[in-house]
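Trainee: One file is attached below, coords_12.tsv, containing TSV, N, CA and C atoms.
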chain	number	residue	atom	x	y	z
A	1	MET	N	121.90	100.58	114.40
A	1	MET	CA	121.04	100.70	113.22
A	1	MET	C	121.73	99.98	112.06
A	2	ASP	N	121.13	98.93	111.58
A	2	ASP	CA	121.74	98.15	110.51
A	2	ASP	C	121.01	98.35	109.18
A	3	TYR	N	120.59	99.57	108.90
A	3	TYR	CA	119.94	99.92	107.65
A	3	TYR	C	120.34	101.34	107.27
A	4	GLU	N	120.24	101.63	105.98
A	4	GLU	CA	120.58	102.96	105.49
A	4	GLU	C	119.31	103.76	105.28
A	5	LEU	N	119.21	104.86	105.99
A	5	LEU	CA	118.03	105.73	105.93
A	5	LEU	C	118.19	106.69	104.76
A	6	LEU	N	117.17	106.76	103.90
A	6	LEU	CA	117.22	107.71	102.79
A	6	LEU	C	117.08	109.13	103.33
A	7	THR	N	117.91	110.02	102.84
A	7	THR	CA	117.82	111.42	103.25
A	7	THR	C	116.96	112.24	102.28
A	8	ARG	N	116.71	111.66	101.11
A	8	ARG	CA	115.82	112.28	100.12
A	8	ARG	C	115.26	111.17	99.24
A	9	PRO	N	114.17	111.45	98.55
A	9	PRO	CA	113.55	110.41	97.71
A	9	PRO	C	114.51	109.93	96.61
A	10	LEU	N	114.25	108.73	96.13
A	10	LEU	CA	115.02	108.19	95.02
A	10	LEU	C	114.78	109.03	93.77
A	11	THR	N	115.83	109.21	92.98
A	11	THR	CA	115.70	109.92	91.71
A	11	THR	C	115.13	108.95	90.67
A	12	ALA	N	114.73	109.48	89.52
A	12	ALA	CA	114.21	108.63	88.45
A	12	ALA	C	115.25	107.60	88.02
A	13	ALA	N	116.50	108.02	87.93
A	13	ALA	CA	117.57	107.08	87.55
A	13	ALA	C	117.76	106.00	88.61
A	14	GLN	N	117.70	106.37	89.87
A	14	GLN	CA	117.83	105.39	90.95
A	14	GLN	C	116.66	104.41	90.93
A	15	ILE	N	115.47	104.91	90.65
A	15	ILE	CA	114.29	104.04	90.58
A	15	ILE	C	114.49	103.01	89.48
A	16	ARG	N	114.89	103.47	88.28
A	16	ARG	CA	115.08	102.54	87.16
A	16	ARG	C	116.16	101.50	87.48
A	17	ARG	N	117.26	101.92	88.11
A	17	ARG	CA	118.34	100.99	88.44
A	17	ARG	C	117.92	99.98	89.51
A	18	GLN	N	117.12	100.43	90.46
A	18	GLN	CA	116.80	99.58	91.61
A	18	GLN	C	115.60	98.66	91.37
A	19	MET	N	114.75	99.01	90.42
A	19	MET	CA	113.54	98.23	90.19
A	19	MET	C	113.86	96.77	89.89
A	20	ASP	N	113.09	95.87	90.50
A	20	ASP	CA	113.26	94.46	90.17
A	20	ASP	C	112.37	94.15	88.95
A	21	ALA	N	112.31	92.90	88.56
A	21	ALA	CA	111.56	92.49	87.36
A	21	ALA	C	110.07	92.82	87.48
A	22	ASP	N	109.56	92.94	88.69
A	22	ASP	CA	108.15	93.26	88.90
A	22	ASP	C	107.91	94.76	89.05
A	23	GLY	N	108.96	95.57	88.93
A	23	GLY	CA	108.81	97.01	89.05
A	23	GLY	C	108.87	97.52	90.49
A	24	VAL	N	109.26	96.66	91.41
A	24	VAL	CA	109.26	97.02	92.83
A	24	VAL	C	110.57	97.72	93.22
A	25	VAL	N	110.42	98.83	93.95
A	25	VAL	CA	111.56	99.53	94.55
A	25	VAL	C	111.36	99.53	96.05
A	26	GLU	N	112.46	99.75	96.77
A	26	GLU	CA	112.35	99.76	98.22
A	26	GLU	C	113.42	100.64	98.81
A	27	GLY	N	113.17	101.05	100.05
A	27	GLY	CA	114.12	101.86	100.79
A	27	GLY	C	113.60	102.11	102.19
A	28	VAL	N	114.47	102.67	103.02
A	28	VAL	CA	114.09	102.99	104.39
A	28	VAL	C	113.92	104.50	104.49
A	29	VAL	N	112.74	104.92	104.93
A	29	VAL	CA	112.42	106.33	105.05
A	29	VAL	C	112.04	106.66	106.49
A	30	ALA	N	112.11	107.95	106.80
A	30	ALA	CA	111.71	108.43	108.13
A	30	ALA	C	110.44	109.25	107.98
A	31	ILE	N	109.46	108.96	108.82
A	31	ILE	CA	108.21	109.70	108.82
A	31	ILE	C	107.88	110.07	110.26
A	32	GLU	N	107.35	111.27	110.44
A	32	GLU	CA	107.00	111.72	111.79
A	32	GLU	C	105.81	110.93	112.33
A	33	LEU	N	105.89	110.55	113.58
A	33	LEU	CA	104.80	109.84	114.24
A	33	LEU	C	103.50	110.61	114.11
A	34	ASP	N	103.54	111.94	114.26
A	34	ASP	CA	102.33	112.76	114.14
A	34	ASP	C	101.68	112.62	112.77
A	35	ASP	N	102.50	112.45	111.70
A	35	ASP	CA	101.92	112.27	110.36
A	35	ASP	C	101.15	110.96	110.26
A	36	VAL	N	101.59	109.96	110.98
A	36	VAL	CA	100.88	108.68	110.98
A	36	VAL	C	99.60	108.79	111.81
A	37	ILE	N	99.69	109.46	112.96
A	37	ILE	CA	98.53	109.58	113.86
A	37	ILE	C	97.45	110.49	113.28
A	38	ASP	N	97.87	111.60	112.67
A	38	ASP	CA	96.93	112.63	112.24
A	38	ASP	C	96.28	112.38	110.89
A	39	ASN	N	96.69	111.35	110.17
A	39	ASN	CA	96.17	111.12	108.81
A	39	ASN	C	95.55	109.74	108.70
A	40	ASP	N	94.66	109.61	107.70
A	40	ASP	CA	94.08	108.29	107.45
A	40	ASP	C	95.08	107.42	106.68
A	41	ARG	N	94.75	106.16	106.54
A	41	ARG	CA	95.67	105.21	105.92
A	41	ARG	C	96.07	105.63	104.50
A	42	ASP	N	95.10	106.09	103.70
A	42	ASP	CA	95.41	106.49	102.32
A	42	ASP	C	96.43	107.63	102.28
A	43	ARG	N	96.26	108.60	103.16
A	43	ARG	CA	97.21	109.73	103.18
A	43	ARG	C	98.59	109.27	103.65
A	44	VAL	N	98.64	108.37	104.62
A	44	VAL	CA	99.94	107.84	105.08
A	44	VAL	C	100.63	107.11	103.93
A	45	MET	N	99.88	106.35	103.14
A	45	MET	CA	100.47	105.66	101.98
A	45	MET	C	101.01	106.67	100.97
A	46	GLU	N	100.29	107.78	100.76
A	46	GLU	CA	100.78	108.83	99.88
A	46	GLU	C	102.08	109.44	100.42
A	47	LEU	N	102.12	109.68	101.72
A	47	LEU	CA	103.32	110.25	102.33
A	47	LEU	C	104.51	109.30	102.18
A	48	LEU	N	104.29	108.01	102.40
A	48	LEU	CA	105.36	107.04	102.24
A	48	LEU	C	105.84	107.00	100.79
A	49	SER	N	104.92	107.06	99.86
A	49	SER	CA	105.27	107.09	98.44
A	49	SER	C	106.11	108.32	98.12
A	50	GLU	N	105.69	109.48	98.62
A	50	GLU	CA	106.44	110.72	98.39
A	50	GLU	C	107.85	110.64	98.99
A	51	LEU	N	107.95	110.07	100.17
A	51	LEU	CA	109.25	109.95	100.82
A	51	LEU	C	110.19	109.01	100.06
A	52	LEU	N	109.63	107.98	99.44
A	52	LEU	CA	110.47	107.02	98.73
A	52	LEU	C	110.77	107.45	97.30
A	53	VAL	N	109.76	107.91	96.56
A	53	VAL	CA	109.96	108.18	95.12
A	53	VAL	C	109.55	109.60	94.70
A	54	ASP	N	109.25	110.46	95.65
A	54	ASP	CA	108.89	111.86	95.37
A	54	ASP	C	107.67	111.96	94.46
A	55	ASN	N	106.73	111.03	94.64
A	55	ASN	CA	105.53	110.99	93.84
A	55	ASN	C	104.51	110.15	94.60
A	56	THR	N	103.24	110.47	94.47
A	56	THR	CA	102.21	109.72	95.20
A	56	THR	C	101.71	108.50	94.42
A	57	ALA	N	102.31	108.20	93.28
A	57	ALA	CA	101.80	107.15	92.40
A	57	ALA	C	102.37	105.76	92.66
A	58	LEU	N	103.19	105.59	93.69
A	58	LEU	CA	103.69	104.26	94.03
A	58	LEU	C	102.50	103.37	94.37
A	59	GLU	N	102.49	102.14	93.86
A	59	GLU	CA	101.34	101.24	94.06
A	59	GLU	C	101.74	100.05	94.92
A	60	ASP	N	100.74	99.39	95.47
A	60	ASP	CA	100.94	98.16	96.25
A	60	ASP	C	102.00	98.35	97.34
A	61	ILE	N	101.86	99.40	98.10
A	61	ILE	CA	102.86	99.75	99.12
A	61	ILE	C	102.78	98.80	100.31
A	62	GLU	N	103.95	98.33	100.71
A	62	GLU	CA	104.11	97.55	101.92
A	62	GLU	C	105.14	98.26	102.78
A	63	TYR	N	105.02	98.12	104.10
A	63	TYR	CA	105.98	98.78	104.98
A	63	TYR	C	106.20	97.94	106.22
A	64	GLU	N	107.35	98.17	106.84
A	64	GLU	CA	107.70	97.48	108.08
A	64	GLU	C	108.46	98.47	108.97
A	65	LEU	N	108.07	98.56	110.20
A	65	LEU	CA	108.75	99.42	111.16
A	65	LEU	C	110.08	98.78	111.54
A	66	LEU	N	111.17	99.55	111.34
A	66	LEU	CA	112.50	99.05	111.68
A	66	LEU	C	113.04	99.65	112.97
A	67	GLY	N	112.61	100.88	113.26
A	67	GLY	CA	113.12	101.55	114.45
A	67	GLY	C	112.61	102.98	114.49
A	68	ASN	N	113.22	103.76	115.35
A	68	ASN	CA	112.82	105.16	115.47
A	68	ASN	C	113.98	105.98	116.01
A	69	ASP	N	113.85	107.27	115.81
A	69	ASP	CA	114.76	108.25	116.40
A	69	ASP	C	113.84	109.32	116.98
A	70	GLY	N	113.53	109.20	118.24
A	70	GLY	CA	112.55	110.10	118.84
A	70	GLY	C	111.19	109.85	118.21
A	71	ASP	N	110.59	110.91	117.68
A	71	ASP	CA	109.27	110.81	117.04
A	71	ASP	C	109.35	110.49	115.55
A	72	MET	N	110.54	110.21	115.05
A	72	MET	CA	110.70	109.85	113.63
A	72	MET	C	110.73	108.32	113.53
A	73	LEU	N	109.74	107.78	112.83
A	73	LEU	CA	109.67	106.34	112.63
A	73	LEU	C	110.47	105.96	111.39
A	74	HIS	N	111.27	104.92	111.49
A	74	HIS	CA	112.04	104.43	110.36
A	74	HIS	C	111.31	103.22	109.78
A	75	LEU	N	110.83	103.38	108.55
A	75	LEU	CA	110.04	102.33	107.91
A	75	LEU	C	110.72	101.83	106.65
A	76	HIS	N	110.77	100.51	106.51
A	76	HIS	CA	111.21	99.91	105.25
A	76	HIS	C	109.97	99.89	104.36
A	77	VAL	N	110.05	100.62	103.24
A	77	VAL	CA	108.91	100.78	102.34
A	77	VAL	C	109.26	100.15	101.00
A	78	ARG	N	108.29	99.41	100.45
A	78	ARG	CA	108.46	98.86	99.11
A	78	ARG	C	107.15	99.01	98.36
A	79	GLY	N	107.27	99.20	97.06
A	79	GLY	CA	106.08	99.35	96.25
A	79	GLY	C	106.40	99.28	94.78
A	80	ASP	N	105.35	99.17	93.99
A	80	ASP	CA	105.47	99.04	92.54
A	80	ASP	C	105.60	100.43	91.91
A	81	ALA	N	106.75	100.67	91.28
A	81	ALA	CA	107.02	101.97	90.65
A	81	ALA	C	107.01	101.87	89.14
A	82	SER	N	106.57	100.75	88.60
A	82	SER	CA	106.62	100.57	87.15
A	82	SER	C	105.82	101.63	86.40
A	83	ASN	N	104.72	102.08	86.96
A	83	ASN	CA	103.93	103.12	86.30
A	83	ASN	C	104.68	104.46	86.26
A	84	LEU	N	105.58	104.71	87.18
A	84	LEU	CA	106.38	105.94	87.17
A	84	LEU	C	107.36	105.92	86.02
A	85	VAL	N	107.97	104.80	85.76
A	85	VAL	CA	108.93	104.67	84.67
A	85	VAL	C	108.21	104.72	83.33
A	86	GLU	N	107.05	104.07	83.23
A	86	GLU	CA	106.26	104.11	82.00
A	86	GLU	C	105.86	105.53	81.67
A	87	ASP	N	105.39	106.28	82.67
A	87	ASP	CA	105.00	107.68	82.45
A	87	ASP	C	106.18	108.49	81.96
A	88	GLU	N	107.34	108.26	82.55
A	88	GLU	CA	108.53	109.01	82.16
A	88	GLU	C	108.93	108.67	80.73
A	89	GLU	N	108.86	107.40	80.36
A	89	GLU	CA	109.21	106.99	79.01
A	89	GLU	C	108.26	107.59	77.99
A	90	GLU	N	106.98	107.73	78.33
A	90	GLU	CA	106.02	108.33	77.43
A	90	GLU	C	106.32	109.80	77.21
A	91	ASP	N	106.88	110.48	78.22
A	91	ASP	CA	107.20	111.89	78.12
A	91	ASP	C	108.43	112.15	77.27
A	92	GLU	N	109.29	111.15	77.11
A	92	GLU	CA	110.52	111.32	76.35
A	92	GLU	C	110.20	111.31	74.87
A	93	ASP	N	110.90	112.15	74.10
A	93	ASP	CA	110.77	112.20	72.66
A	93	ASP	C	111.71	111.15	72.07
A	94	PRO	N	111.20	110.16	71.33
A	94	PRO	CA	112.06	109.10	70.81
A	94	PRO	C	113.13	109.61	69.85
A	95	ASP	N	112.90	110.75	69.21
A	95	ASP	CA	113.87	111.30	68.27
A	95	ASP	C	114.83	112.27	68.92
A	96	GLU	N	114.67	112.49	70.23
A	96	GLU	CA	115.43	113.51	70.93
A	96	GLU	C	116.94	113.28	70.87
A	97	ASP	N	117.39	112.03	70.96
A	97	ASP	CA	118.81	111.74	70.99
A	97	ASP	C	119.40	111.50	69.60
A	98	GLU	N	118.56	111.44	68.59
A	98	GLU	CA	119.04	111.17	67.24
A	98	GLU	C	119.39	112.47	66.54
A	99	GLU	N	120.47	112.44	65.77
A	99	GLU	CA	120.86	113.62	65.01
A	99	GLU	C	120.20	113.55	63.64
A	100	ASP	N	119.89	114.70	63.09
A	100	ASP	CA	119.31	114.76	61.75
A	100	ASP	C	120.41	114.49	60.72
A	101	ASP	N	120.08	113.73	59.68
A	101	ASP	CA	121.03	113.41	58.62
A	101	ASP	C	120.76	114.22	57.37
A	102	TYR	N	120.22	115.40	57.51
A	102	TYR	CA	119.87	116.22	56.33
A	102	TYR	C	121.05	116.98	55.82
How would this structure read if it were set down as structure tokens?

Mentor:
Amino acid sequence: MDYELLTRPLTAAQIRRQMDADGVVEGVVAIELDDVIDNDRDRVMELLSELLVDNTALEDIEYELLGNDGDMLHLHVRGDASNLVEDEEEDEDPDEDEEDDY
């Protein structure tokens, strides 16, 4: 196996560090074969998004099968996470880190 399998989704800090100029993040995740068989394409894309970024909002998802371990498929997943970072920035208070000078 010449890839590193994520054991948990990327954190917000990891997403920001890893994003390229287009907002794309990527990683290798494991998904159960039954989850692929039992769900429609949209739900599988949501599952891949959750496995990579712990959120279903990843956009323009692409994937490639790299291997398997029994019924666990190892997929290289990439997608646009720029909307996740924008949402997070909107939630932050711009004055939160500033001290009052009163």

Trainee: Find the spatial neighbours of Glu62 (chain A), counting all atoms listed in the file, within a cut-off of 8 Å - ignore same-chain residues fewer than 5 positions away - and output them as an MDAnalysis selection string.

Mentor: chainID A and resid 75:80

Trainee: Tell me which protein, DNA and RNA residues are within 8 Å of region 14-21 of chain A, counting all atoms listed in the file, leaving out same-chain ones fewer than 5 positions away, and put them as a ChimeraX atom specification.

Mentor: /A:9,26,53,81-82,85

Trainee: As an exercise, work out the distance from CA of Ala12 (chain A) to atom N of Asp54 (chain A) in Å and give it to one decimal place.

Mentor: 8.9 Å

Trainee: Determine the nearest neighbour of Val29 (chain A) from the options A:Val44, A:Leu58, A:Leu52, A:Leu65, counting only C-alpha atoms.

Mentor: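 Checking each of A:Val44, A:Leu58, A:Leu52, A:Leu65 against Val29 (chain A), counting only C-alpha atoms, the winner is A:Leu52.
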
Trainee: Using only C-alpha atoms, which residue out of A:Asp42, A:His74, A:Asn68, A:Ala57 lies closest to Leu6 (chain A)?

Mentor: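 Distance minimum relative to Leu6 (chain A) lands on A:His74.
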
Trainee: Interatomic distance between atom N of Asn83 (chain A) and atom N of Arg8 (chain A)?

Mentor: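 Taking atom N of Asn83 (chain A) as the start and atom N of Arg8 (chain A) as the end point, the length is 20.9 Å.
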
Trainee: Mind checking which residues fall within 7 Å of Leu33 (chain A), counting all atoms listed in the file, ignoring those fewer than 5 positions away in the same chain, and posting them as number ranges by chain?

Mentor: A: 38, 71-73

Trainee: Between CA of Leu84 (chain A) and atom N of Gly67 (chain A), measure the distance and give it in Å to one decimal.

Mentor: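 Computed distance, CA of Leu84 (chain A) to atom N of Gly67 (chain A), equals 27.3 Å.
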
Trainee: Can you list, as a count of residues only, all residues belonging to chain A that DSSP tags as strand (DSSP E)?

Mentor: 29

Trainee: Run DSSP on the backbone and tell me which residues of chain A come out as helix (DSSP H, G or I); list them as a PyMOL selection string.

Mentor: chain A and resi 12-18+33-38+41-53+82-91
